[in-house]
Amino acid sequence: MARWWTVGAAALLGLTFALGTAVSARMSADMLTVDRVVVMMRHGIRPPTKNPAMPARYAADAWPGWSVNPGWLTQHGAQAVATIGAADRAFYMRAGLFARGCPDAAIIADSDQRTIATAQAYAGTLAPGCPVPVDHRPQGTDDPRFSAIEQGLGTVDVPAANAAMAKAIGPGGIAAVEARMRPLLSKLDTILCAQKPTCGVGAEKSAIAPAQSNKRPDLTGALDRASTAAQILLLEYADGKPMREVGWGRATAADVTALSEFHALEFAILARPKPIAAANLVGLVPAILRAMAGEGPRLAMISGHDTNVANLGGMLGLHWHVPGFAADDPAPGGAIILERLTDAGGNAYVRAYYRAQTLDQLRAGAAPGYRQVLPITGCRARGIAGLCTLAQFQTVMSEK
């Protein structure tokens, strides 16, 4: 295994250009050149990770079946990821990151089937006919690079984490959040239950288990169950299932989008607060810093999970809103991208953006249509808010 992908120097981040924006125009005028790209990408579309998807009491009908094992990348998901890889290849070539032929690229993947298969589908169209190394542990084994807290690689600062989580929840605690989400809970229960009275998720009381030094905080009750159910509905729609199977024919595309608020809320509370995000990213941060310092392949992709993307978004204070999803909800195949840019004098800068297929593009297997430059909190360089000098970026990534 190459030294680049060791646990101590694990992975990478970021990528892409948002051409046509004022920021891009200014950077082009100032002769800033992209010479390193890292993609922190969520795996593609999968079924629920369990069968049955949820305990029977939560829905009036059996959940629709899938053509692959629980939690695996679907055939449609692989196609959608391959479309992303082809689009990214064309984009990077236009940006001058690499010329025709085999790119200088590498991938690290978590050890789940869906993350390994996502890496392979992406590599196949990013670099067709080329050997792109995909570093992953044997399927089904733990990889602390992707779950550092539970695997003992990262330690949570408990007081700081719980204080940050309480701030994310807001006044009134989790009960107030549940009350605010009550209309959406009722909408979800209508989809889950039709007219069955003893059914649904909304009757359970939501609660938060605080963080521990070796364990992330945990959400239980109605809001937790709603996040799971809403994500299943979104995956059904994204995978191209007939609408009669999306929420048993009781959910519209607009419902799927509205209900994704539950999934985004879960990550806002449990994954984005910086003390939690920093502890869980500790296995990937050294390699991210190496990449932005100019080491390693010119293009690297991390095939991970929504939690990893949310962690990075929290670390850098990034916010996105992909059509069809709630704000900050990590889309299947969506990625936070970091670019290292250099000027004529050799000075290095870092910028971030988010690239994803919209929900309807996912359903159609179409090329990604969302590329949005995102300001990194705490950075300003060359008169541009959110653009980091390399030193500023290193500081932001070391904060907890």
# chains A, B, ... in the order shown; residues from 1 in each chain; ligands from 1
call {"tool": "closest_atom_pairs", "arguments": {"of": "region 34-82 of chain A", "to": "region 126-141 of chain A", "cutoff": "12 Å", "atoms": "only C-alpha atoms", "output": "tab-separated table"}}
result
residue	atom	partner	partner_atom	distance
A:Gly71	CA	A:Gly140	CA	11.5
A:Trp72	CA	A:Gln139	CA	11.4
A:Val81	CA	A:Leu126	CA	10.1
A:Ala82	CA	A:Leu126	CA	8.0
call {"tool": "write_last_selection", "arguments": {"atoms": "all heavy atoms", "output": "compact mmCIF listing (two decimals), in the first residue's frame"}}
result
# COMPACT_ATOMS: atom_id res chain seq x y z
N GLY A 71 -27.99 -2.41 1.58
CA GLY A 71 -26.83 -1.55 1.71
C GLY A 71 -25.87 -1.55 0.54
O GLY A 71 -24.90 -0.79 0.53
N TRP A 72 -26.10 -2.37 -0.48
CA TRP A 72 -25.19 -2.44 -1.62
C TRP A 72 -25.53 -1.35 -2.65
O TRP A 72 -26.68 -0.88 -2.73
CB TRP A 72 -25.26 -3.80 -2.30
CG TRP A 72 -24.56 -4.89 -1.53
CD1 TRP A 72 -24.37 -4.96 -0.18
CD2 TRP A 72 -23.97 -6.08 -2.06
NE1 TRP A 72 -23.71 -6.10 0.16
CE2 TRP A 72 -23.46 -6.82 -0.98
CE3 TRP A 72 -23.85 -6.60 -3.35
CZ2 TRP A 72 -22.80 -8.04 -1.15
CZ3 TRP A 72 -23.20 -7.83 -3.53
CH2 TRP A 72 -22.68 -8.53 -2.43
N VAL A 81 -23.23 7.03 -10.79
CA VAL A 81 -21.86 7.35 -10.41
C VAL A 81 -20.95 7.37 -11.64
O VAL A 81 -20.07 8.24 -11.77
CB VAL A 81 -21.34 6.34 -9.37
CG1 VAL A 81 -19.83 6.49 -9.16
CG2 VAL A 81 -22.06 6.52 -8.04
N ALA A 82 -21.15 6.42 -12.55
CA ALA A 82 -20.35 6.41 -13.78
C ALA A 82 -20.57 7.69 -14.59
O ALA A 82 -19.63 8.24 -15.18
CB ALA A 82 -20.69 5.18 -14.61
call {"tool": "closest_atom_pairs", "arguments": {"of": "region 224-276 of chain A", "to": "region 352-370 of chain A", "cutoff": "10 Å", "atoms": "only C-alpha atoms", "output": "Markdown table"}}
result
| residue | atom | partner | partner_atom | distance |
| --- | --- | --- | --- | --- |
| A:Leu234 | CA | A:Leu359 | CA | 8.4 |
| A:Leu235 | CA | A:Arg363 | CA | 9.2 |
| A:Glu236 | CA | A:Arg363 | CA | 9.1 |
| A:Tyr237 | CA | A:Arg363 | CA | 6.5 |
| A:Ala238 | CA | A:Arg363 | CA | 4.2 |
| A:Asp239 | CA | A:Arg363 | CA | 5.6 |
| A:Gly240 | CA | A:Arg363 | CA | 5.0 |
| A:Lys241 | CA | A:Arg363 | CA | 8.5 |
| A:Ala253 | CA | A:Asp360 | CA | 8.8 |
| A:Val256 | CA | A:Leu359 | CA | 9.5 |
| A:Thr257 | CA | A:Leu359 | CA | 8.3 |
call {"tool": "residues_around", "arguments": {"residues": "Asn214 (chain A)", "least_positions_apart": "5", "cutoff": "7 Å", "atoms": "only C-alpha atoms", "output": "list of chain:residue names"}}
result
A:Ile149, A:Glu150, A:Gly152, A:Thr155, A:Val156
call {"tool": "select_by_dssp", "arguments": {"residues": "region 6-226 of chain A", "states": "helix (DSSP H, G or I)", "output": "MDAnalysis selection string"}}
result
chainID A and resid 7:9 22:29 56:58 75:95 113:126 158:169 173:180 182:193 222:226
call {"tool": "residues_around", "arguments": {"residues": "Val396 (chain A)", "least_positions_apart": "6", "cutoff": "9 Å", "atoms": "only C-alpha atoms", "output": "list of chain:residue names"}}
result
A:Met315, A:Leu316, A:Ile376, A:Thr377, A:Gly378, A:Cys379
call {"tool": "write_last_selection", "arguments": {"atoms": "N, CA and C atoms", "output": "PDB file, in the first residue's frame"}}
result
ATOM      1  N   MET A 315     -16.630  20.968   9.621  1.00  0.00           N
ATOM      2  CA  MET A 315     -15.277  21.452   9.896  1.00  0.00           C
ATOM      3  C   MET A 315     -14.994  22.778   9.199  1.00  0.00           C
ATOM      4  N   LEU A 316     -15.452  22.898   7.946  1.00  0.00           N
ATOM      5  CA  LEU A 316     -15.121  24.062   7.134  1.00  0.00           C
ATOM      6  C   LEU A 316     -16.237  25.104   7.103  1.00  0.00           C
ATOM      7  N   ILE A 376     -15.236  29.055   2.689  1.00  0.00           N
ATOM      8  CA  ILE A 376     -14.710  28.384   3.881  1.00  0.00           C
ATOM      9  C   ILE A 376     -14.705  29.398   5.024  1.00  0.00           C
ATOM     10  N   THR A 377     -15.359  29.038   6.121  1.00  0.00           N
ATOM     11  CA  THR A 377     -15.469  29.949   7.256  1.00  0.00           C
ATOM     12  C   THR A 377     -14.090  30.293   7.825  1.00  0.00           C
ATOM     13  N   GLY A 378     -13.868  31.568   8.061  1.00  0.00           N
ATOM     14  CA  GLY A 378     -12.616  32.007   8.680  1.00  0.00           C
ATOM     15  C   GLY A 378     -11.515  32.332   7.702  1.00  0.00           C
ATOM     16  N   CYS A 379     -11.785  32.265   6.408  1.00  0.00           N
ATOM     17  CA  CYS A 379     -10.738  32.497   5.404  1.00  0.00           C
ATOM     18  C   CYS A 379     -11.049  33.718   4.549  1.00  0.00           C
TER      19      CYS A 379
END
call {"tool": "residues_around", "arguments": {"residues": "Thr118 (chain A)", "least_positions_apart": "5", "cutoff": "9 Å", "atoms": "only C-alpha atoms", "output": "JSON, numbers by chain"}}
result
{"A": [42, 43, 44, 73, 77, 78, 81, 82, 109, 113, 123, 303, 333]}
call {"tool": "residues_around", "arguments": {"residues": "region 338-342 of chain A", "least_positions_apart": "6", "cutoff": "6 Å", "atoms": "only C-alpha atoms", "output": "JSON, numbers by chain"}}
result
{"A": [13, 14, 15, 32, 33, 34, 36, 37, 38, 292, 348, 349, 350, 351, 352]}
call {"tool": "write_last_selection", "arguments": {"atoms": "N, CA, C and O atoms", "output": "mmCIF file, in the first residue's frame"}}
result
data_model
loop_
_atom_site.group_PDB
_atom_site.id
_atom_site.type_symbol
_atom_site.label_atom_id
_atom_site.label_comp_id
_atom_site.auth_asym_id
_atom_site.auth_seq_id
_atom_site.Cartn_x
_atom_site.Cartn_y
_atom_site.Cartn_z
ATOM 1 N N LEU A 13 -9.652 15.411 -0.064
ATOM 2 C CA LEU A 13 -10.916 16.103 -0.182
ATOM 3 C C LEU A 13 -11.038 16.857 -1.483
ATOM 4 O O LEU A 13 -10.120 17.060 -2.153
ATOM 5 N N GLY A 14 -12.054 17.442 -1.682
ATOM 6 C CA GLY A 14 -12.472 18.471 -2.545
ATOM 7 C C GLY A 14 -12.357 18.329 -4.037
ATOM 8 O O GLY A 14 -11.845 17.413 -4.508
ATOM 9 N N LEU A 15 -12.803 19.306 -4.820
ATOM 10 C CA LEU A 15 -12.620 19.266 -6.235
ATOM 11 C C LEU A 15 -13.565 20.139 -6.990
ATOM 12 O O LEU A 15 -14.468 20.683 -6.455
ATOM 13 N N LEU A 32 -4.484 32.033 -11.439
ATOM 14 C CA LEU A 32 -4.436 30.950 -10.464
ATOM 15 C C LEU A 32 -4.697 29.632 -11.190
ATOM 16 O O LEU A 32 -5.608 29.528 -12.011
ATOM 17 N N THR A 33 -3.881 28.632 -10.888
ATOM 18 C CA THR A 33 -3.955 27.358 -11.583
ATOM 19 C C THR A 33 -4.275 26.248 -10.594
ATOM 20 O O THR A 33 -3.653 26.156 -9.533
ATOM 21 N N VAL A 34 -5.224 25.394 -10.947
ATOM 22 C CA VAL A 34 -5.546 24.238 -10.111
ATOM 23 C C VAL A 34 -4.501 23.157 -10.355
ATOM 24 O O VAL A 34 -4.308 22.725 -11.490
ATOM 25 N N ARG A 36 -4.041 20.508 -7.657
ATOM 26 C CA ARG A 36 -4.433 19.357 -6.844
ATOM 27 C C ARG A 36 -5.934 19.420 -6.617
ATOM 28 O O ARG A 36 -6.497 20.492 -6.388
ATOM 29 N N VAL A 37 -6.578 18.274 -6.650
ATOM 30 C CA VAL A 37 -8.018 18.182 -6.436
ATOM 31 C C VAL A 37 -8.283 16.977 -5.552
ATOM 32 O O VAL A 37 -7.712 15.912 -5.762
ATOM 33 N N VAL A 38 -9.159 17.140 -4.564
ATOM 34 C CA VAL A 38 -9.584 16.025 -3.724
ATOM 35 C C VAL A 38 -11.101 16.036 -3.636
ATOM 36 O O VAL A 38 -11.707 17.076 -3.437
ATOM 37 N N MET A 292 -3.212 19.228 -0.008
ATOM 38 C CA MET A 292 -3.219 20.666 -0.215
ATOM 39 C C MET A 292 -1.815 21.271 -0.138
ATOM 40 O O MET A 292 -1.584 22.385 -0.616
ATOM 41 N N ALA A 348 0.199 29.161 -2.605
ATOM 42 C CA ALA A 348 -0.881 28.180 -2.692
ATOM 43 C C ALA A 348 -2.118 28.665 -1.952
ATOM 44 O O ALA A 348 -2.026 29.284 -0.879
ATOM 45 N N TYR A 349 -3.277 28.334 -2.518
ATOM 46 C CA TYR A 349 -4.571 28.687 -1.951
ATOM 47 C C TYR A 349 -5.474 27.460 -2.007
ATOM 48 O O TYR A 349 -5.234 26.522 -2.769
ATOM 49 N N VAL A 350 -6.540 27.496 -1.202
ATOM 50 C CA VAL A 350 -7.500 26.390 -1.178
ATOM 51 C C VAL A 350 -8.902 26.973 -1.266
ATOM 52 O O VAL A 350 -9.233 27.931 -0.564
ATOM 53 N N ARG A 351 -9.716 26.379 -2.140
ATOM 54 C CA ARG A 351 -11.122 26.740 -2.163
ATOM 55 C C ARG A 351 -11.960 25.460 -2.188
ATOM 56 O O ARG A 351 -11.474 24.378 -2.507
ATOM 57 N N ALA A 352 -13.225 25.618 -1.830
ATOM 58 C CA ALA A 352 -14.125 24.475 -1.716
ATOM 59 C C ALA A 352 -15.368 24.711 -2.542
ATOM 60 O O ALA A 352 -15.773 25.844 -2.787
#
call {"tool": "closest_residue", "arguments": {"among": "A:Ala62, A:Ala279, A:Cys199, A:Ile107", "to": "Lys400 (chain A)", "atoms": "only C-alpha atoms"}}
result
A:Ala279
call {"tool": "decode", "arguments": {"residues": "region 219-230 of chain A", "atoms": "N, CA, C and O atoms", "output": "compact mmCIF listing (two decimals), in the first residue's frame"}}
result
# COMPACT_ATOMS: atom_id res chain seq x y z
N LEU A 219 -29.27 10.08 18.33
CA LEU A 219 -30.64 10.57 18.29
C LEU A 219 -31.58 9.37 18.28
O LEU A 219 -31.36 8.41 17.55
N THR A 220 -32.61 9.40 19.11
CA THR A 220 -33.58 8.32 19.15
C THR A 220 -34.99 8.89 19.06
O THR A 220 -35.21 10.10 19.16
N GLY A 221 -35.96 8.00 18.89
CA GLY A 221 -37.35 8.41 18.87
C GLY A 221 -37.82 8.88 17.49
O GLY A 221 -37.28 8.50 16.45
N ALA A 222 -38.83 9.74 17.49
CA ALA A 222 -39.51 10.12 16.25
C ALA A 222 -38.58 10.72 15.22
O ALA A 222 -38.65 10.36 14.03
N LEU A 223 -37.71 11.62 15.63
CA LEU A 223 -36.85 12.29 14.66
C LEU A 223 -35.83 11.34 14.05
O LEU A 223 -35.51 11.44 12.85
N ASP A 224 -35.32 10.42 14.83
CA ASP A 224 -34.40 9.41 14.30
C ASP A 224 -35.12 8.50 13.31
O ASP A 224 -34.63 8.24 12.21
N ARG A 225 -36.28 7.98 13.69
CA ARG A 225 -37.03 7.09 12.80
C ARG A 225 -37.46 7.83 11.53
O ARG A 225 -37.47 7.26 10.43
N ALA A 226 -37.81 9.11 11.68
CA ALA A 226 -38.23 9.88 10.52
C ALA A 226 -37.08 10.08 9.54
O ALA A 226 -37.27 10.04 8.32
N SER A 227 -35.87 10.29 10.06
CA SER A 227 -34.70 10.43 9.18
C SER A 227 -34.50 9.16 8.37
O SER A 227 -34.25 9.22 7.16
N THR A 228 -34.61 8.00 9.03
CA THR A 228 -34.45 6.73 8.32
C THR A 228 -35.52 6.55 7.26
O THR A 228 -35.22 6.22 6.10
N ALA A 229 -36.77 6.76 7.63
CA ALA A 229 -37.88 6.56 6.69
C ALA A 229 -37.79 7.53 5.52
O ALA A 229 -38.00 7.15 4.36
N ALA A 230 -37.47 8.80 5.80
CA ALA A 230 -37.38 9.79 4.74
C ALA A 230 -36.26 9.45 3.76
O ALA A 230 -36.40 9.64 2.54
